[in-house]
>>> print(open('coords_13.txt').read())   # compact mmCIF, C-alpha atoms and all ligand atoms
# COMPACT_ATOMS: atom_id res chain seq x y z
CA VAL R 519 0.00 0.00 0.00
CA GLU R 520 1.29 3.43 -0.90
CA VAL R 521 0.34 6.76 0.72
CA ARG R 522 -0.12 9.68 -1.69
CA PRO R 523 -0.07 13.08 0.08
CA GLN R 524 -3.51 14.73 0.14
CA SER R 525 -4.87 11.93 -2.00
CA GLY R 526 -5.17 8.76 0.06
CA HIS R 527 -3.95 5.16 0.17
CA TYR R 528 -3.39 3.23 -3.04
CA VAL R 529 -2.53 -0.36 -3.83
CA LYS R 530 1.08 -0.42 -4.99
CA LEU R 531 1.81 -1.78 -8.47
CA ARG R 532 3.51 -5.14 -8.62
CA ALA R 533 7.19 -5.07 -9.58
CA ALA R 534 6.59 -8.32 -11.50
CA SER R 535 4.83 -6.34 -14.23
CA VAL R 536 7.86 -4.16 -15.04
CA PRO R 537 8.65 -4.54 -18.77
CA ALA R 538 11.92 -5.92 -20.09
CA GLU R 539 14.50 -3.48 -21.45
CA PRO R 540 14.79 -3.03 -25.22
CA GLU R 541 17.59 -4.89 -26.94
CA ALA R 542 20.45 -2.88 -28.34
CA VAL R 543 19.34 -0.93 -31.40
CA LYS R 544 20.82 -3.07 -34.14
CA LEU R 545 20.33 -0.76 -37.10
CA PRO R 546 23.57 0.26 -38.83
CA ALA R 547 24.85 3.85 -38.77
CA ALA R 548 22.89 5.83 -41.35
CA ARG R 549 23.92 9.02 -43.16
CA CYS R 550 21.20 11.39 -44.28
CA VAL R 551 20.23 15.01 -44.77
CA PRO R 552 17.62 15.67 -42.08
CA ARG R 553 14.17 16.97 -43.01
CA MET R 554 12.20 17.38 -39.84
CA GLY R 555 8.92 18.94 -40.87
CA GLU R 556 5.24 18.91 -40.08
CA LEU R 557 5.23 16.03 -37.64
CA VAL R 558 7.59 17.75 -35.23
CA LEU R 559 5.47 20.91 -35.31
CA ARG R 560 2.35 18.85 -34.54
CA VAL R 561 3.98 17.08 -31.65
CA LEU R 562 5.37 20.33 -30.27
CA SER R 563 2.07 22.16 -30.44
CA ALA R 564 0.22 19.21 -28.84
CA GLY R 565 2.85 19.38 -26.09
CA ARG R 566 1.90 22.97 -25.31
CA GLU R 567 -1.84 22.41 -24.95
CA PRO R 568 -2.70 22.66 -21.25
CA LYS R 569 -5.93 20.68 -21.66
CA LYS R 570 -4.02 17.61 -22.83
CA VAL R 571 -2.47 15.16 -20.43
CA GLN R 572 1.24 15.43 -21.11
CA LEU R 573 2.67 11.92 -21.05
CA GLY R 574 5.66 12.69 -23.24
CA SER R 575 6.47 16.35 -22.81
CA GLY R 576 10.09 17.49 -23.07
CA ALA R 577 9.51 20.07 -20.33
CA VAL R 578 9.39 19.49 -16.59
CA ASP R 579 5.98 20.36 -15.12
CA PRO R 580 6.30 23.70 -13.22
CA GLU R 581 4.76 22.01 -10.18
CA LEU R 582 7.96 20.01 -9.81
CA LEU R 583 10.15 23.11 -10.08
CA PRO R 584 10.94 25.57 -7.24
CA THR R 585 8.87 28.17 -9.08
CA ARG R 586 7.74 30.40 -6.22
CA ARG R 587 11.09 30.53 -4.43
CA LEU R 588 12.86 31.24 -7.67
CA MET R 589 10.53 34.08 -8.65
CA LYS R 590 10.73 35.63 -5.18
CA LEU R 591 14.47 35.53 -5.34
CA THR R 592 14.43 36.96 -8.89
CA ALA R 593 12.41 39.95 -7.65
CA ALA R 594 14.91 40.52 -4.82
CA VAL R 595 17.86 40.29 -7.24
CA ALA R 596 16.15 42.78 -9.58
CA ARG R 597 15.81 45.26 -6.71
CA VAL R 598 19.41 44.93 -5.59
CA HIS R 599 20.95 44.96 -9.10
CA ALA R 600 18.40 47.18 -10.88
CA GLU R 601 20.92 49.27 -12.79
CA ARG R 602 23.10 46.37 -13.80
CA CYS R 603 20.04 44.47 -15.06
CA VAL R 604 19.16 47.18 -17.56
CA ARG R 605 22.66 47.33 -19.05
CA TYR R 606 24.17 44.97 -21.61
CA GLU R 607 26.02 42.12 -19.93
CA ALA R 608 29.41 41.03 -21.31
CA PRO R 609 29.00 38.48 -24.15
CA GLU R 610 30.62 35.72 -22.06
CA GLY R 611 28.06 36.31 -19.30
CA ALA R 612 27.94 37.30 -15.62
CA LYS R 613 31.15 36.55 -13.78
CA GLU R 614 29.26 35.44 -10.62
CA LEU R 615 27.48 32.69 -12.51
CA ARG R 616 30.58 31.53 -14.40
CA THR R 617 32.53 31.37 -11.14
CA LEU R 618 29.81 29.35 -9.39
CA LEU R 619 29.61 26.96 -12.35
CA ALA R 620 33.38 26.51 -12.28
CA ARG R 621 33.17 25.72 -8.55
CA ARG R 622 30.41 23.16 -9.10
CA SER R 623 32.38 21.51 -11.90
CA VAL R 624 35.15 20.70 -9.38
CA GLU R 625 32.55 18.73 -7.38
CA TRP R 626 31.63 16.83 -10.57
CA GLY R 627 35.26 15.76 -11.00
CA CYS R 628 35.55 17.87 -14.16
CA PRO R 629 37.17 21.20 -13.27
CA MET R 630 36.20 23.91 -15.74
CA ARG R 631 37.71 27.39 -15.62
CA ALA R 632 35.36 30.35 -15.18
CA ASP R 633 37.11 32.06 -18.10
CA GLU R 634 36.41 29.20 -20.54
CA ILE R 635 32.67 29.29 -19.78
CA VAL R 636 30.30 31.29 -21.99
CA ILE R 637 26.75 31.87 -20.71
CA THR R 638 24.13 31.24 -23.41
CA THR R 639 20.40 31.51 -23.98
CA GLY R 640 19.69 27.92 -22.97
CA ALA R 641 21.63 24.83 -24.00
CA MET R 642 20.12 25.16 -27.47
CA GLU R 643 22.14 28.28 -28.15
CA ALA R 644 25.21 26.65 -26.60
CA MET R 645 24.86 23.77 -29.09
CA GLU R 646 24.24 26.09 -32.00
CA LEU R 647 27.31 28.23 -31.25
CA SER R 648 29.40 25.08 -30.77
CA LEU R 649 28.28 23.57 -34.06
CA ARG R 650 28.75 26.81 -35.99
CA ALA R 651 32.23 27.28 -34.54
CA THR R 652 33.45 23.77 -35.30
CA THR R 653 31.72 22.76 -38.56
CA LYS R 654 30.67 24.16 -41.93
CA ALA R 655 27.69 23.39 -44.16
CA GLY R 656 27.98 19.95 -45.78
CA ASP R 657 30.06 18.43 -42.94
CA ALA R 658 28.90 15.17 -41.39
CA VAL R 659 28.01 15.15 -37.69
CA ALA R 660 27.50 11.90 -35.75
CA VAL R 661 24.62 11.74 -33.27
CA GLU R 662 23.04 9.09 -31.08
CA SER R 663 19.95 7.49 -32.50
CA PRO R 664 17.23 7.95 -31.40
CA THR R 665 17.93 11.57 -30.53
CA VAL R 666 15.88 14.62 -29.66
CA TYR R 667 14.15 16.24 -32.63
CA TRP R 668 15.31 19.82 -32.17
CA LEU R 669 18.92 18.68 -32.48
CA LEU R 670 18.04 17.13 -35.84
CA GLN R 671 16.25 20.34 -36.80
CA LEU R 672 19.28 22.39 -35.81
CA LEU R 673 21.57 20.21 -37.93
CA GLU R 674 19.13 20.63 -40.81
CA GLN R 675 19.15 24.43 -40.48
CA LEU R 676 22.94 24.54 -40.45
CA GLY R 677 23.11 22.44 -43.64
CA LEU R 678 24.89 19.59 -41.86
CA VAL R 679 24.66 15.91 -42.73
CA VAL R 680 23.54 13.58 -39.94
CA VAL R 681 25.14 10.22 -39.23
CA GLU R 682 22.80 8.32 -36.89
CA LEU R 683 24.72 5.96 -34.62
CA PRO R 684 23.04 2.90 -33.13
CA THR R 685 22.64 3.61 -29.41
CA TYR R 686 22.36 1.10 -26.60
CA PRO R 687 19.75 1.65 -23.89
CA ARG R 688 22.16 1.36 -20.96
CA HIS R 689 25.54 2.65 -22.06
CA GLY R 690 25.00 4.73 -25.19
CA ILE R 691 26.89 4.39 -28.47
CA CYS R 692 29.39 1.65 -29.27
CA LEU R 693 32.88 3.02 -29.91
CA ASP R 694 33.75 0.42 -32.58
CA GLU R 695 30.65 1.46 -34.50
CA LEU R 696 31.56 5.12 -34.04
CA GLU R 697 35.07 4.50 -35.37
CA ALA R 698 33.69 2.69 -38.43
CA ALA R 699 31.19 5.51 -39.05
CA ILE R 700 33.91 8.19 -38.78
CA THR R 701 35.88 6.46 -41.53
CA ALA R 702 32.92 5.55 -43.72
CA HIS R 703 31.20 8.94 -43.56
CA ASP R 704 34.08 11.37 -42.97
CA VAL R 705 32.55 12.62 -39.71
CA LYS R 706 33.85 16.05 -38.59
CA ALA R 707 32.09 16.40 -35.24
CA CYS R 708 30.20 14.26 -32.74
CA LEU R 709 27.23 15.64 -30.88
CA LEU R 710 26.35 13.41 -27.95
CA VAL R 711 24.24 13.44 -24.80
CA PRO R 712 26.36 11.01 -22.75
CA SER R 713 24.48 11.42 -19.44
CA PHE R 714 20.82 10.26 -19.43
CA ASN R 715 20.14 11.17 -23.01
CA ASN R 716 16.85 12.13 -24.52
CA PRO R 717 14.93 9.86 -25.22
CA LEU R 718 16.68 6.58 -24.21
CA GLY R 719 18.12 7.71 -20.88
CA SER R 720 21.40 5.86 -21.53
CA CYS R 721 24.53 6.86 -19.62
CA MET R 722 28.11 6.16 -20.72
CA PRO R 723 30.38 4.60 -18.10
CA ASP R 724 33.58 6.48 -17.21
CA GLU R 725 35.86 4.05 -19.02
CA LYS R 726 33.95 4.51 -22.24
CA ARG R 727 34.12 8.30 -21.83
CA ARG R 728 37.90 8.08 -21.54
CA ASP R 729 38.16 5.85 -24.64
CA LEU R 730 35.79 8.14 -26.55
CA VAL R 731 38.04 11.16 -25.95
CA ALA R 732 41.10 9.15 -27.06
CA LEU R 733 39.36 7.91 -30.21
CA LEU R 734 38.12 11.35 -31.22
CA ALA R 735 41.54 12.91 -30.54
CA ALA R 736 43.20 10.29 -32.75
CA LYS R 737 40.68 10.89 -35.54
CA LYS R 738 40.69 14.70 -35.10
CA VAL R 739 36.94 14.80 -34.59
CA THR R 740 35.47 17.46 -32.26
CA LEU R 741 33.12 16.42 -29.48
CA ILE R 742 30.17 18.60 -28.52
CA GLU R 743 28.73 17.21 -25.32
CA ASP R 744 25.22 18.07 -24.16
CA ASP R 745 25.08 17.65 -20.39
CA VAL R 746 21.63 19.12 -19.60
CA TYR R 747 20.54 15.99 -17.71
CA GLY R 748 23.81 15.46 -15.78
CA ASP R 749 22.39 16.81 -12.49
CA LEU R 750 19.40 14.45 -12.66
CA HIS R 751 21.04 11.18 -11.57
CA HIS R 752 18.45 9.31 -9.52
CA ASP R 753 21.01 7.76 -7.15
CA GLY R 754 24.70 7.89 -6.33
CA ALA R 755 27.14 10.34 -7.80
CA ARG R 756 26.69 12.73 -10.69
CA PRO R 757 28.25 11.39 -13.91
CA ARG R 758 31.45 13.22 -14.83
CA PRO R 759 31.13 15.05 -18.13
CA VAL R 760 33.27 13.57 -20.92
CA LYS R 761 35.26 16.80 -20.75
CA ALA R 762 36.81 15.45 -17.53
CA PHE R 763 38.95 13.16 -19.71
CA ASP R 764 39.95 15.81 -22.25
CA GLU R 765 43.43 17.25 -21.86
CA ARG R 766 43.51 19.22 -25.11
CA GLY R 767 40.57 21.58 -24.55
CA GLU R 768 38.86 20.10 -27.61
CA VAL R 769 35.61 19.00 -25.95
CA LEU R 770 32.81 21.58 -25.75
CA THR R 771 30.44 20.85 -22.88
CA CYS R 772 27.00 22.46 -23.02
CA GLY R 773 24.47 22.61 -20.20
CA SER R 774 21.59 24.62 -18.83
CA PHE R 775 19.14 25.06 -15.98
CA SER R 776 16.13 24.26 -18.16
CA LYS R 777 15.62 20.71 -16.88
CA THR R 778 16.28 21.49 -13.26
CA LEU R 779 15.09 25.05 -12.53
CA ALA R 780 13.13 26.86 -15.24
CA PRO R 781 13.29 26.55 -19.03
CA GLY R 782 11.69 29.99 -19.28
CA LEU R 783 14.74 31.67 -17.74
CA ARG R 784 16.78 30.53 -20.77
CA VAL R 785 20.05 30.25 -18.90
CA GLY R 786 22.57 27.84 -20.38
CA PHE R 787 26.32 27.66 -20.83
CA VAL R 788 29.14 26.12 -22.74
CA ALA R 789 32.58 25.31 -21.35
CA ALA R 790 34.34 25.77 -24.64
CA GLY R 791 38.02 25.06 -23.86
CA ALA R 792 40.20 26.04 -26.80
CA TRP R 793 37.14 27.32 -28.70
CA ARG R 794 36.22 29.93 -26.08
CA ASP R 795 37.39 33.10 -27.87
CA ARG R 796 35.66 32.10 -31.09
CA LEU R 797 32.41 31.47 -29.24
CA VAL R 798 32.56 34.79 -27.37
CA LEU R 799 33.01 36.59 -30.67
CA MET R 800 30.07 34.75 -32.22
CA LYS R 801 27.87 35.26 -29.16
CA GLY R 802 28.67 38.99 -29.17
CA SER R 803 27.62 39.42 -32.78
CA GLN R 804 24.61 37.11 -32.53
CA THR R 805 22.65 38.19 -29.46
CA GLY R 806 25.09 40.53 -27.73
CA ALA R 807 24.67 38.74 -24.42
CA THR R 808 22.17 36.62 -22.51
CA ALA R 809 19.74 38.66 -20.39
CA THR R 810 21.35 39.73 -17.12
CA LEU R 811 18.52 39.24 -14.60
CA PRO R 812 18.00 35.49 -15.17
CA GLN R 813 21.76 34.93 -14.95
CA LEU R 814 21.98 36.73 -11.61
CA ALA R 815 18.88 34.97 -10.30
CA VAL R 816 20.32 31.53 -11.14
CA ALA R 817 23.65 32.55 -9.58
CA GLU R 818 21.89 33.59 -6.37
CA PHE R 819 19.87 30.35 -6.29
CA LEU R 820 23.09 28.36 -6.61
CA ARG R 821 24.92 30.47 -4.03
CA SER R 822 22.14 30.22 -1.45
CA GLY R 823 22.03 26.42 -1.60
CA GLY R 824 18.47 26.49 -2.95
CA TYR R 825 19.48 24.63 -6.11
CA ASP R 826 21.02 21.65 -4.32
CA HIS R 827 18.11 21.50 -1.89
CA HIS R 828 15.66 21.41 -4.79
CA LEU R 829 17.68 18.79 -6.69
CA ARG R 830 17.61 16.39 -3.75
CA SER R 831 13.81 16.27 -3.65
CA PHE R 832 13.38 16.45 -7.44
CA ARG R 833 15.60 13.39 -7.92
CA ARG R 834 13.49 11.44 -5.42
CA VAL R 835 10.31 12.32 -7.35
CA LEU R 836 11.87 11.28 -10.66
CA ARG R 837 13.02 7.94 -9.24
CA LEU R 838 9.60 7.14 -7.79
CA ASN R 839 7.72 8.29 -10.90
CA LEU R 840 9.86 6.06 -13.11
CA GLN R 841 8.97 3.05 -10.96
CA ARG R 842 5.29 3.86 -11.25
CA LEU R 843 5.53 4.48 -14.96
CA SER R 844 7.30 1.15 -15.57
CA ALA R 845 4.72 -0.74 -13.57
CA VAL R 846 1.75 0.78 -15.43
CA VAL R 847 3.35 0.29 -18.85
CA GLY R 848 4.10 -3.34 -17.91
CA GLU R 849 0.51 -3.84 -16.83
CA THR R 850 -1.33 -2.10 -19.63
CA PHE R 851 0.74 -2.05 -22.86
CA PRO R 852 0.69 -4.91 -25.40
CA GLU R 853 2.57 -8.08 -24.57
CA GLY R 854 6.15 -7.87 -25.78
CA THR R 855 6.46 -4.14 -25.04
CA ARG R 856 9.91 -3.15 -23.80
CA MET R 857 10.97 -0.05 -21.95
CA THR R 858 14.27 1.55 -20.91
CA ARG R 859 15.18 1.80 -17.23
CA PRO R 860 17.37 4.89 -17.01
CA ALA R 861 19.43 5.64 -13.91
CA GLY R 862 18.77 9.35 -14.35
CA GLY R 863 17.08 12.00 -16.44
CA MET R 864 13.35 12.24 -17.07
CA PHE R 865 12.48 10.06 -20.08
CA SER R 866 11.86 6.45 -20.83
CA TRP R 867 11.73 4.97 -24.32
CA VAL R 868 9.03 2.42 -25.02
CA GLU R 869 9.37 -0.14 -27.79
CA MET R 870 6.04 -1.75 -28.71
CA PRO R 871 5.70 -4.86 -30.90
CA ASP R 872 6.83 -4.16 -34.50
CA HIS R 873 3.37 -3.86 -36.02
CA VAL R 874 2.06 -1.23 -33.56
CA ASP R 875 2.23 2.14 -35.30
CA ALA R 876 3.06 4.99 -32.90
CA LEU R 877 1.80 7.62 -35.37
CA ALA R 878 -1.64 6.00 -35.63
CA LEU R 879 -1.62 5.68 -31.84
CA PHE R 880 -0.71 9.39 -31.58
CA GLU R 881 -3.87 10.30 -33.54
CA ARG R 882 -6.10 8.07 -31.41
CA ALA R 883 -4.58 9.36 -28.17
CA ASP R 884 -4.85 12.96 -29.41
CA ALA R 885 -8.60 12.49 -29.87
CA GLN R 886 -8.73 11.64 -26.15
CA ARG R 887 -6.54 14.62 -25.23
CA ILE R 888 -3.55 12.49 -24.39
CA MET R 889 -0.14 13.53 -25.66
CA PHE R 890 3.06 11.52 -26.00
CA ALA R 891 6.08 11.82 -28.30
CA PRO R 892 5.97 9.27 -31.16
CA GLY R 893 9.23 7.50 -32.15
CA PRO R 894 9.69 8.83 -35.71
CA VAL R 895 10.34 12.41 -34.49
CA PHE R 896 13.56 11.13 -32.92
CA SER R 897 15.10 10.06 -36.21
CA ALA R 898 16.18 11.92 -39.34
CA SER R 899 15.68 8.77 -41.40
CA GLY R 900 12.14 7.87 -40.31
CA ARG R 901 13.00 5.05 -37.89
CA TYR R 902 11.19 4.00 -34.70
CA ARG R 903 7.66 3.70 -36.04
CA ASN R 904 6.73 1.33 -33.18
CA CYS R 905 8.31 3.41 -30.39
CA LEU R 906 7.43 6.34 -28.17
CA ARG R 907 8.92 8.55 -25.49
CA LEU R 908 7.27 8.97 -22.10
CA SER R 909 8.25 11.55 -19.48
CA PHE R 910 8.23 11.03 -15.73
CA ALA R 911 8.91 14.71 -14.89
CA GLN R 912 5.18 15.27 -14.37
CA PRO R 913 3.26 15.13 -11.08
CA TRP R 914 1.93 11.59 -10.62
CA THR R 915 -1.77 12.31 -10.36
CA ASP R 916 -4.83 10.13 -10.96
CA ARG R 917 -5.33 12.06 -14.20
CA PHE R 918 -1.80 11.19 -15.37
CA GLU R 919 -2.08 7.53 -14.38
CA ASN R 920 -5.51 7.14 -15.97
CA ALA R 921 -4.26 8.69 -19.22
CA LEU R 922 -1.30 6.30 -19.24
CA ARG R 923 -3.63 3.35 -18.71
CA THR R 924 -5.85 4.60 -21.56
CA LEU R 925 -2.80 4.88 -23.81
CA GLY R 926 -1.81 1.31 -22.92
CA LYS R 927 -5.34 0.14 -23.73
CA LEU R 928 -5.30 1.93 -27.10
CA ALA R 929 -1.92 0.37 -27.91
CA ARG R 930 -3.24 -3.08 -26.95
CA GLU R 931 -6.28 -2.61 -29.20
CA GLN R 932 -3.98 -1.60 -32.02
CA ALA R 933 -1.72 -4.60 -31.43
CA ARG R 934 -4.73 -6.90 -31.91
CA THR R 935 -5.73 -5.42 -35.29
C1 LIG W 1 19.36 16.87 -24.87
C2 LIG W 1 18.75 18.22 -24.73
N1 LIG W 1 19.53 19.32 -24.79
C3 LIG W 1 19.01 20.56 -24.65
C4 LIG W 1 17.65 20.75 -24.48
C5 LIG W 1 17.10 22.15 -24.42
O1 LIG W 1 17.83 22.91 -23.51
P1 LIG W 1 17.48 24.45 -23.27
O2 LIG W 1 16.05 24.58 -22.95
O3 LIG W 1 18.38 24.82 -22.14
O4 LIG W 1 17.86 25.21 -24.50
C6 LIG W 1 16.81 19.65 -24.43
C7 LIG W 1 15.37 19.84 -24.26
O5 LIG W 1 14.57 19.20 -24.88
C8 LIG W 1 17.37 18.36 -24.54
O6 LIG W 1 16.62 17.27 -24.47
>>> encode(input="coords_13.txt", output="structure tokens")
Amino acid sequence: VEVRPQSGHYVKLRAASVPAEPEAVKLPAARCVPRMGELVLRVLSAGREPKKVQLGSGAVDPELLPTRRLMKLTAAVARVHAERCVRYEAPEGAKELRTLLARRSVEWGCPMRADEIVITTGAMEAMELSLRATTKAGDAVAVESPTVYWLLQLLEQLGLVVVELPTYPRHGICLDELEAAITAHDVKACLLVPSFNNPLGSCMPDEKRRDLVALLAAKKVTLIEDDVYGDLHHDGARPRPVKAFDERGEVLTCGSFSKTLAPGLRVGFVAAGAWRDRLVLMKGSQTGATATLPQLAVAEFLRSGGYDHHLRSFRRVLRLNLQRLSAVVGETFPEGTRMTRPAGGMFSWVEMPDHVDALALFERADAQRIMFAPGPVFSASGRYRNCLRLSFAQPWTDRFENALRTLGKLAREQART
């Protein structure tokens, strides 16, 4: 029996119903020019409709974020630093925030220097600047597959060619396959989410991170690392960014506070190593600087200990929600459904039997005001027709659980046809 605050006592779901993990994705590395169109727009706009139950949203529900404390603190910071907040900030960003980030990175076992960090408008801008600095149109960039759709859209907009690498649910890409793809497709840069990636939730072990850096150094391939989920380990220690193993300053590590504090603040960063000056120049001519007030508010939240306090409880919620999610999927989805069991982050990837079409299921669920992210939006080459992404960064309410059960029922009906 489980007690849910202000809700009552509920019968706990049986662990026996937890689905098996998907096998390694066996598809070979594929090279293609991405064209992410209509479908992504549909999924994104469904994800913004408040009347829909968000089972697959990429954003953390504000109820799970320290919204009130953060806004109160932002108002106080605005009062204290009023004049500074109306001026242009330096393109590299507020020194307070860069210094605090550098201090935190020592705790992660990956010391970054404050003067190599550039504050950006979310991790998305950090990735864009990093890609623009290190590649040119027509270059091939290797990514995990499946991977988040906006990254594929970004590569499309920059005229880059995507090489989709098979990715393993637990430990990410396979280095032998990466090496073969680098040779076969003349890869110039690698763009990876090594810690709890979106959507699989895989996390590379330290040894693999070390070997990855050595391989890319030998092949002269740049690594752009997206670490936005690094702080969301459900247990144990935070994974060290791959940058921890880089001695040449060639790894660019991007991050943000969008998955932990508030995506609306748009505060991200990139520790750019040897690329720092180039990025500062580009940032200065692109947006001048990131808005000052959100930077100072995040810095104050970090300094006051509010961030770490929030993370401790947020991680507990994510861990518990994942258990609940697994149990309901195991109970209600078609027989043979598999699901990843990430050790961190906020997504799980569900693989239904081959003949269940996630796009048809998306339409049927949409009619019942239920939203999830169908598999094909996570591939530039139209893969993953029978897959979907679920999020567990939503409050676990009866409404959420009932919608998940309905989705499982719809999938079961579809599996029978
Ligand atoms: C891997 C990854 N990186 C970055 C982002 C977006 O980060 P931000 O909101 O800080 O730009 C997302 C959100 O979907 C993501 O999944």
>>> closest_atom_pairs(input="coords_13.txt", of="chain R", to="ligand LIG 1 (chain W)", cutoff="10 Å", atoms="all atoms listed in the file", output="JSON lines")
{"residue": "R:Ser575", "atom": "CA", "partner": "W:LIG1", "partner_atom": "O5", "distance": 8.8}
{"residue": "R:Gly576", "atom": "CA", "partner": "W:LIG1", "partner_atom": "O5", "distance": 5.1}
{"residue": "R:Ala577", "atom": "CA", "partner": "W:LIG1", "partner_atom": "O5", "distance": 6.9}
{"residue": "R:Val578", "atom": "CA", "partner": "W:LIG1", "partner_atom": "C7", "distance": 9.7}
{"residue": "R:Thr638", "atom": "CA", "partner": "W:LIG1", "partner_atom": "O3", "distance": 8.7}
{"residue": "R:Thr639", "atom": "CA", "partner": "W:LIG1", "partner_atom": "O4", "distance": 6.8}
{"residue": "R:Gly640", "atom": "CA", "partner": "W:LIG1", "partner_atom": "O3", "distance": 3.5}
{"residue": "R:Ala641", "atom": "CA", "partner": "W:LIG1", "partner_atom": "O3", "distance": 3.7}
{"residue": "R:Met642", "atom": "CA", "partner": "W:LIG1", "partner_atom": "O4", "distance": 3.7}
{"residue": "R:Glu643", "atom": "CA", "partner": "W:LIG1", "partner_atom": "O4", "distance": 6.4}
{"residue": "R:Ala644", "atom": "CA", "partner": "W:LIG1", "partner_atom": "O4", "distance": 7.8}
{"residue": "R:Met645", "atom": "CA", "partner": "W:LIG1", "partner_atom": "C3", "distance": 8.0}
{"residue": "R:Glu646", "atom": "CA", "partner": "W:LIG1", "partner_atom": "O4", "distance": 9.9}
{"residue": "R:Thr665", "atom": "CA", "partner": "W:LIG1", "partner_atom": "C1", "distance": 7.9}
{"residue": "R:Val666", "atom": "CA", "partner": "W:LIG1", "partner_atom": "O6", "distance": 5.9}
{"residue": "R:Tyr667", "atom": "CA", "partner": "W:LIG1", "partner_atom": "O5", "distance": 8.3}
{"residue": "R:Trp668", "atom": "CA", "partner": "W:LIG1", "partner_atom": "O5", "distance": 7.4}
{"residue": "R:Leu669", "atom": "CA", "partner": "W:LIG1", "partner_atom": "N1", "distance": 7.7}
{"residue": "R:Leu709", "atom": "CA", "partner": "W:LIG1", "partner_atom": "C1", "distance": 10.0}
{"residue": "R:Leu710", "atom": "CA", "partner": "W:LIG1", "partner_atom": "C1", "distance": 8.4}
{"residue": "R:Val711", "atom": "CA", "partner": "W:LIG1", "partner_atom": "C1", "distance": 6.0}
{"residue": "R:Pro712", "atom": "CA", "partner": "W:LIG1", "partner_atom": "C1", "distance": 9.4}
{"residue": "R:Ser713", "atom": "CA", "partner": "W:LIG1", "partner_atom": "C1", "distance": 9.2}
{"residue": "R:Phe714", "atom": "CA", "partner": "W:LIG1", "partner_atom": "C1", "distance": 8.7}
{"residue": "R:Asn715", "atom": "CA", "partner": "W:LIG1", "partner_atom": "C1", "distance": 6.0}
{"residue": "R:Asn716", "atom": "CA", "partner": "W:LIG1", "partner_atom": "O6", "distance": 5.1}
{"residue": "R:Pro717", "atom": "CA", "partner": "W:LIG1", "partner_atom": "O6", "distance": 7.6}
{"residue": "R:Glu743", "atom": "CA", "partner": "W:LIG1", "partner_atom": "C1", "distance": 9.4}
{"residue": "R:Asp744", "atom": "CA", "partner": "W:LIG1", "partner_atom": "N1", "distance": 5.9}
{"residue": "R:Asp745", "atom": "CA", "partner": "W:LIG1", "partner_atom": "N1", "distance": 7.3}
{"residue": "R:Val746", "atom": "CA", "partner": "W:LIG1", "partner_atom": "N1", "distance": 5.6}
{"residue": "R:Tyr747", "atom": "CA", "partner": "W:LIG1", "partner_atom": "C1", "distance": 7.3}
{"residue": "R:Cys772", "atom": "CA", "partner": "W:LIG1", "partner_atom": "N1", "distance": 8.3}
{"residue": "R:Gly773", "atom": "CA", "partner": "W:LIG1", "partner_atom": "O3", "distance": 6.8}
{"residue": "R:Ser774", "atom": "CA", "partner": "W:LIG1", "partner_atom": "O3", "distance": 4.6}
{"residue": "R:Phe775", "atom": "CA", "partner": "W:LIG1", "partner_atom": "O3", "distance": 6.2}
{"residue": "R:Ser776", "atom": "CA", "partner": "W:LIG1", "partner_atom": "O3", "distance": 4.6}
{"residue": "R:Lys777", "atom": "CA", "partner": "W:LIG1", "partner_atom": "O2", "distance": 7.2}
{"residue": "R:Thr778", "atom": "CA", "partner": "W:LIG1", "partner_atom": "O3", "distance": 9.7}
{"residue": "R:Ala780", "atom": "CA", "partner": "W:LIG1", "partner_atom": "O2", "distance": 8.6}
{"residue": "R:Pro781", "atom": "CA", "partner": "W:LIG1", "partner_atom": "O2", "distance": 5.2}
{"residue": "R:Gly782", "atom": "CA", "partner": "W:LIG1", "partner_atom": "O2", "distance": 7.9}
{"residue": "R:Leu783", "atom": "CA", "partner": "W:LIG1", "partner_atom": "O2", "distance": 8.9}
{"residue": "R:Arg784", "atom": "CA", "partner": "W:LIG1", "partner_atom": "O3", "distance": 6.1}
{"residue": "R:Val785", "atom": "CA", "partner": "W:LIG1", "partner_atom": "O3", "distance": 6.5}
{"residue": "R:Gly786", "atom": "CA", "partner": "W:LIG1", "partner_atom": "O3", "distance": 5.5}
{"residue": "R:Phe787", "atom": "CA", "partner": "W:LIG1", "partner_atom": "O3", "distance": 8.5}
{"residue": "R:Gly863", "atom": "CA", "partner": "W:LIG1", "partner_atom": "O6", "distance": 9.6}
{"residue": "R:Met864", "atom": "CA", "partner": "W:LIG1", "partner_atom": "O6", "distance": 9.5}
{"residue": "R:Phe865", "atom": "CA", "partner": "W:LIG1", "partner_atom": "O6", "distance": 9.4}
>>> closest_residue(input="coords_13.txt", among="R:Gly854, R:Gly677, R:Gly848, R:Gly806", to="Val536 (chain R)", atoms="only C-alpha atoms")
R:Gly848
>>> closest_residue(input="coords_13.txt", among="R:Ala789, R:Asp729, R:Ser897, R:Ala815", to="Leu619 (chain R)", atoms="all atoms listed in the file")
R:Ala789
>>> closest_residue(input="coords_13.txt", among="R:Val624, R:Cys721, R:Ala933, R:Ala655", to="His873 (chain R)", atoms="only C-alpha atoms")
R:Ala933
>>> closest_residue(input="coords_13.txt", among="R:Ala736, R:Pro537, R:Lys761, R:Leu647", to="Met630 (chain R)", atoms="all atoms listed in the file")
R:Lys761
>>> atom_distance(input="coords_13.txt", atom1="CA of Met722 (chain R)", atom2="CA of Leu750 (chain R)")
14.5 Å
>>> closest_residue(input="coords_13.txt", among="R:Thr810, R:Ser822, R:Thr653, R:Thr915", to="Ile742 (chain R)", atoms="all atoms listed in the file")
R:Thr653
>>> atom_distance(input="coords_13.txt", atom1="CA of His751 (chain R)", atom2="CA of Arg856 (chain R)")
21.9 Å
